[in-house]
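Participant: Starting off with a structure, shown below.
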Amino acid sequence: MRGSEQPHVIGIAGPSGAGKSSLATRLAERVPGGGVVLALDAYYRDQRGVAEDAINVDVPGALDHVLLIDQVRAIARGLPIQQPIYDYATHSRAPVTRTVNPARYVIIEGLFALYWPEVRASLRTPVYLSLDHEACLARRVERDARERGRSRTAVVYQYERTVRPMYDLHVHPTRQHARLVLDASEPLDALVERLLAAIILS
């Protein structure tokens, strides 16, 4: 990225299980000039020592939004950031950070990518990835079993207790801020092509 050129910042929000991370990763590989992904999961607050049943990562307050906003503003100006690293296994932040350098395209992805006005102000292309609860739950069951060793019973319990109601309350209303709404049931490559076309026009 040329020093005088500010990144084109894209925000991808939507329900858990819709495929935001996959879309962001594939898009970063396809955008001209290169892209970097800024995952909001990295900004979860340290919750080590908190009982498992008391942890709710599906509310805006679960994220360190002050740090998030500060780092989004910085990388949108073309500055590198030191992003925290969150460990799902221990619900804690790692003692080290990772350097994220700006690229021609910066892709912010996560449940609350369109939630805070301060984050939205940095977005050139706000996107919402839509998928119904049944499909989201099926994807969550498969992902959490594969990546986190969780049982279907545990995933379904968490989904119905916190994921579904918090999505309805906090995430779905942010759809109104999207310039582009994509149907996550479509093939990933088709979604990428639609998003690339929208980026070129924005």
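Every chain in the structure tokens takes a letter, A first, then B, and so on in the order presented; its residues are numbered from 1, and the ligands are numbered from 1 following the presented order.
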Write out as a tab-separated table (two decimals) with C-alpha atoms, in the first residue's frame each polymer residue whose atoms come within 6 Å of region 118-122 of chain A, counting only C-alpha atoms; drop sequence neighbours fewer than 2 positions from it.
Facilitator:
chain	number	residue	atom	x	y	z
A	69	ILE	CA	-12.60	1.67	18.03
A	114	LEU	CA	-21.84	-2.57	12.16
A	116	TRP	CA	-20.80	1.04	16.96
Participant: What lies within 8 Å of region 86-99 of chain A using only C-alpha atoms, ignoring chain neighbours under 2 positions off, as number ranges by chain?
Facilitator: A: 41-48, 80-84, 101, 148
Participant: So the first atom is CA of Glu5 (chain A) and the second is CA of Pro126 (chain A); what is the distance between them in Å, to one decimal place?
Facilitator: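 Pair CA of Glu5 (chain A) / CA of Pro126 (chain A) returns 19.8 Å.
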Participant: At most 12 Å is the cut-off: for each residue in region 103-125 of chain A with any atom that close to an atom of region 180-195 of chain A, write down the nearest atom pair and the distance in Å rounded to one decimal, counting only C-alpha atoms, chain first then increasing number, as JSON lines.
Facilitator:
{"residue": "A:Ile107", "atom": "CA", "partner": "A:Leu195", "partner_atom": "CA", "distance": 11.7}
{"residue": "A:Leu114", "atom": "CA", "partner": "A:Leu180", "partner_atom": "CA", "distance": 12.0}
{"residue": "A:Arg124", "atom": "CA", "partner": "A:Leu180", "partner_atom": "CA", "distance": 11.3}
{"residue": "A:Thr125", "atom": "CA", "partner": "A:Leu180", "partner_atom": "CA", "distance": 7.8}
Participant: Please extract the residues of region 54-144 of chain A with a backbone DSSP assignment of helix (DSSP H, G or I) and present them as an MDAnalysis selection string.
Facilitator: chainID A and resid 54 60:62 65:76 117:120 133:144
Participant: Calculated over only C-alpha atoms, which of the candidates A:Pro32, A:Pro7, A:Gly61, A:Pro15 has the smallest distance to Arg164 (chain A)?
Facilitator: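 Going through A:Pro32, A:Pro7, A:Gly61, A:Pro15 one by one, the smallest distance to Arg164 (chain A) is for A:Pro15.
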Participant: For Cys136 (chain A), please output as a list of chain:residue names all residues within 8 Å (counting only C-alpha atoms; exclusion window: fewer than 6 positions along the same chain).
Facilitator: A:Pro15, A:Ser16, A:Gly17, A:Ala18
Participant: Generate the output file for the selected residues, N, CA, C and O atoms, as an mmCIF file, in the first residue's frame.
Facilitator:
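Result written to out_32.cif:
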data_model
loop_
_atom_site.group_PDB
_atom_site.id
_atom_site.type_symbol
_atom_site.label_atom_id
_atom_site.label_comp_id
_atom_site.auth_asym_id
_atom_site.auth_seq_id
_atom_site.Cartn_x
_atom_site.Cartn_y
_atom_site.Cartn_z
ATOM 1 N N PRO A 15 -25.125 -12.944 11.676
ATOM 2 C CA PRO A 15 -25.257 -13.906 12.775
ATOM 3 C C PRO A 15 -24.076 -14.853 12.884
ATOM 4 O O PRO A 15 -23.326 -15.056 11.927
ATOM 5 N N SER A 16 -23.925 -15.433 14.066
ATOM 6 C CA SER A 16 -22.905 -16.451 14.280
ATOM 7 C C SER A 16 -23.220 -17.665 13.424
ATOM 8 O O SER A 16 -24.343 -18.174 13.424
ATOM 9 N N GLY A 17 -22.227 -18.114 12.670
ATOM 10 C CA GLY A 17 -22.426 -19.272 11.804
ATOM 11 C C GLY A 17 -22.754 -18.915 10.369
ATOM 12 O O GLY A 17 -22.894 -19.804 9.530
ATOM 13 N N ALA A 18 -22.879 -17.623 10.082
ATOM 14 C CA ALA A 18 -23.242 -17.213 8.721
ATOM 15 C C ALA A 18 -22.077 -17.351 7.746
ATOM 16 O O ALA A 18 -22.287 -17.381 6.535
#
